[in-house]
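In what follows, a structure is listed as structure tokens, so that the remarks can point back to it.
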Amino acid sequence: MAIDLVTRREWGARQPRGSYGRLSSTRGVKVHYTGGQVSPDIVGDHARCVALVRSIQNHHMDGNGWIDVGYSLLVCPHRKVFEGRGPNHLPAANGSGLNSGHYAVLGLVGSTGFTQPTDDILHGILDAVEYLRDKGGAGDEIKGHRDGYSTDCPGGPLYAWVKRGAPRPGGGPTEPPEPHPSFPGRVLKYPPVMVGEDVRTWQRQMRRRGWDIDVDGLYGGASRDACRAFQREKGLSATGAVNRATWQATWEEPVT
Ligand SMILES: [Zn+2]
Ligand SMILES: [Zn+2]
């Protein structure tokens, strides 16, 4: 399904007070929540989403003194994606020094009231991420505001989803496995440290699945330990070596 964009004109955005910093690419996207009280009534009334987005912009411009709303895009429970600063523009919401690394996407989820992200919000966030990848050179990373910054944002439920690798709701075993890179033909193992693009490819996929692993193309002790934990989780023989079965499971097994 294509992204359902709400343009700035459509939501009645104020004009920015200055020009944005430019971005040609980022490492990825950071996910945010509104925090505070969000009335559960917004789920049944999209007009409330529009009002909330406008109030967030007012708060950022009049309270924080920013030139515009701080987020790149904002997502409501109706799977609509509101234009904030948009692709190729520096956001302001990630924290000082952290804005050029990631775009900022907000889900309209509170810390009280409406706190559990619905499937439509999660789909909307992923629609926003894909849009930023497509139009703004966003990289693979999907992180939470709290990654590298002292905050509760994006709240427990959204952050747990981020850590699971931000899967599309309703995906998993019922969908055919996506095509993925074929097994490189050598078993990745340690010691000694193995180096290569195949290592990097596997590490990147593990990271997408939410594992805390460096994507450096070096298969060392940390990669082995992550591999072993993954194998245990999936009921594979816990050798710490990426053989064909483990390679395939890294792409084909549902993220749990
Ligand atoms: Zn945040
Ligand atoms: Zn809405």
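As shown in the structure tokens, the chain order sets the letters A, B, ...; within each chain, residues go from 1, and ligands are also counted from 1 in the order they appear.
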
Protein and nucleic acid residues within 8 Å of ligand 1 (only C-alpha atoms and all ligand atoms) as number ranges by chain: A: 31-34, 93-94, 106, 144-146, 151-154

Please find the residues contacting ligand 2 at a distance of at most 9 Å between atoms, with only C-alpha atoms and all ligand atoms counted, and report them as a compact mmCIF listing (two decimals) with N, CA and C atoms, in the first residue's frame.
```txt
# COMPACT_ATOMS: atom_id res chain seq x y z
N ILE A 42 -8.48 9.61 19.98
CA ILE A 42 -7.96 9.93 18.64
C ILE A 42 -8.16 8.75 17.68
N VAL A 43 -8.24 7.54 18.23
CA VAL A 43 -8.36 6.38 17.35
C VAL A 43 -9.65 6.45 16.53
N GLY A 44 -10.69 7.04 17.12
CA GLY A 44 -11.97 7.13 16.41
C GLY A 44 -12.21 8.47 15.73
N ASP A 45 -11.23 9.35 15.73
CA ASP A 45 -11.50 10.71 15.25
C ASP A 45 -10.22 11.34 14.69
N HIS A 46 -10.06 11.24 13.37
CA HIS A 46 -8.83 11.74 12.75
C HIS A 46 -8.65 13.25 12.93
N ALA A 47 -9.75 13.98 13.11
CA ALA A 47 -9.62 15.43 13.33
C ALA A 47 -8.78 15.71 14.57
N ARG A 48 -8.84 14.79 15.53
CA ARG A 48 -8.02 14.96 16.74
C ARG A 48 -6.53 14.78 16.43
N CYS A 49 -6.22 13.93 15.46
CA CYS A 49 -4.81 13.75 15.06
C CYS A 49 -4.28 15.06 14.48
N VAL A 50 -5.09 15.67 13.61
CA VAL A 50 -4.67 16.92 12.98
C VAL A 50 -4.43 17.99 14.06
N VAL A 75 3.14 10.25 12.34
CA VAL A 75 2.24 9.18 11.92
C VAL A 75 1.09 9.04 12.91
N CYS A 76 -0.13 8.95 12.40
CA CYS A 76 -1.30 8.85 13.28
C CYS A 76 -1.89 7.44 13.22
N PRO A 77 -2.86 7.15 14.11
CA PRO A 77 -3.41 5.78 14.15
C PRO A 77 -4.22 5.40 12.91
N HIS A 78 -4.38 6.32 11.97
CA HIS A 78 -5.13 6.00 10.76
C HIS A 78 -4.21 5.71 9.59
N ARG A 79 -2.98 5.38 9.90
CA ARG A 79 -1.95 5.08 8.91
C ARG A 79 -1.76 6.25 7.95
N LYS A 80 -1.93 7.45 8.46
CA LYS A 80 -1.65 8.64 7.67
C LYS A 80 -0.33 9.23 8.14
N VAL A 81 0.44 9.73 7.17
CA VAL A 81 1.78 10.25 7.46
C VAL A 81 1.78 11.75 7.18
N LEU A 108 2.05 8.95 16.98
CA LEU A 108 1.19 9.66 17.94
C LEU A 108 0.73 8.69 19.03
```

Backbone DSSP call of helix (DSSP H, G or I) for range 60-234 of chain A, listed as a PyMOL selection string: chain A and resi 60-63+119-136+156-163+172-174+197-208+221-233

Nearest to Asp62 in chain A by atom-to-atom distance, counting only C-alpha atoms, from A:Gly21, A:Pro16, A:Gly95, A:Gly137: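 Comparing A:Gly21, A:Pro16, A:Gly95, A:Gly137 against Asp62 in chain A, the winner is A:Pro16.
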
Which of range 24-94 of chain A fall in strand (DSSP E), as a list in words: Thr26, Arg27, Gly28, Val29, Lys30, Val31, His32, Tyr33, Gln37, Val38, Leu73, Leu74, Val75, Val81, Phe82 and Glu83 of chain A

May I have the selected residues written with C-alpha atoms, as a PDB file, in the first residue's frame?
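part32.pdb written:
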```
ATOM      1  CA  THR A  26      21.378   9.533   6.886  1.00  0.00           C
ATOM      2  CA  ARG A  27      22.261   6.261   8.607  1.00  0.00           C
ATOM      3  CA  GLY A  28      18.560   5.683   9.087  1.00  0.00           C
ATOM      4  CA  VAL A  29      15.595   6.824  11.129  1.00  0.00           C
ATOM      5  CA  LYS A  30      14.884   7.336  14.827  1.00  0.00           C
ATOM      6  CA  VAL A  31      11.407   6.605  16.125  1.00  0.00           C
ATOM      7  CA  HIS A  32       9.709   8.936  18.633  1.00  0.00           C
ATOM      8  CA  TYR A  33       6.480   9.102  20.574  1.00  0.00           C
ATOM      9  CA  GLN A  37      -1.318  12.082  27.742  1.00  0.00           C
ATOM     10  CA  VAL A  38      -2.764  11.147  24.360  1.00  0.00           C
ATOM     11  CA  LEU A  73       7.286  12.932   9.476  1.00  0.00           C
ATOM     12  CA  LEU A  74       4.478  12.249  11.969  1.00  0.00           C
ATOM     13  CA  VAL A  75       2.239   9.177  11.918  1.00  0.00           C
ATOM     14  CA  VAL A  81       1.776  10.248   7.462  1.00  0.00           C
ATOM     15  CA  PHE A  82       1.918  13.989   8.137  1.00  0.00           C
ATOM     16  CA  GLU A  83       4.648  15.990   6.422  1.00  0.00           C
TER      17      GLU A  83
END
```

Shell of 8 Å around range 219-226 of chain A, only C-alpha atoms, local chain residues under 4 positions omitted, as a PyMOL selection string: chain A and resi 188-195+199+203+211+213+230+240-241
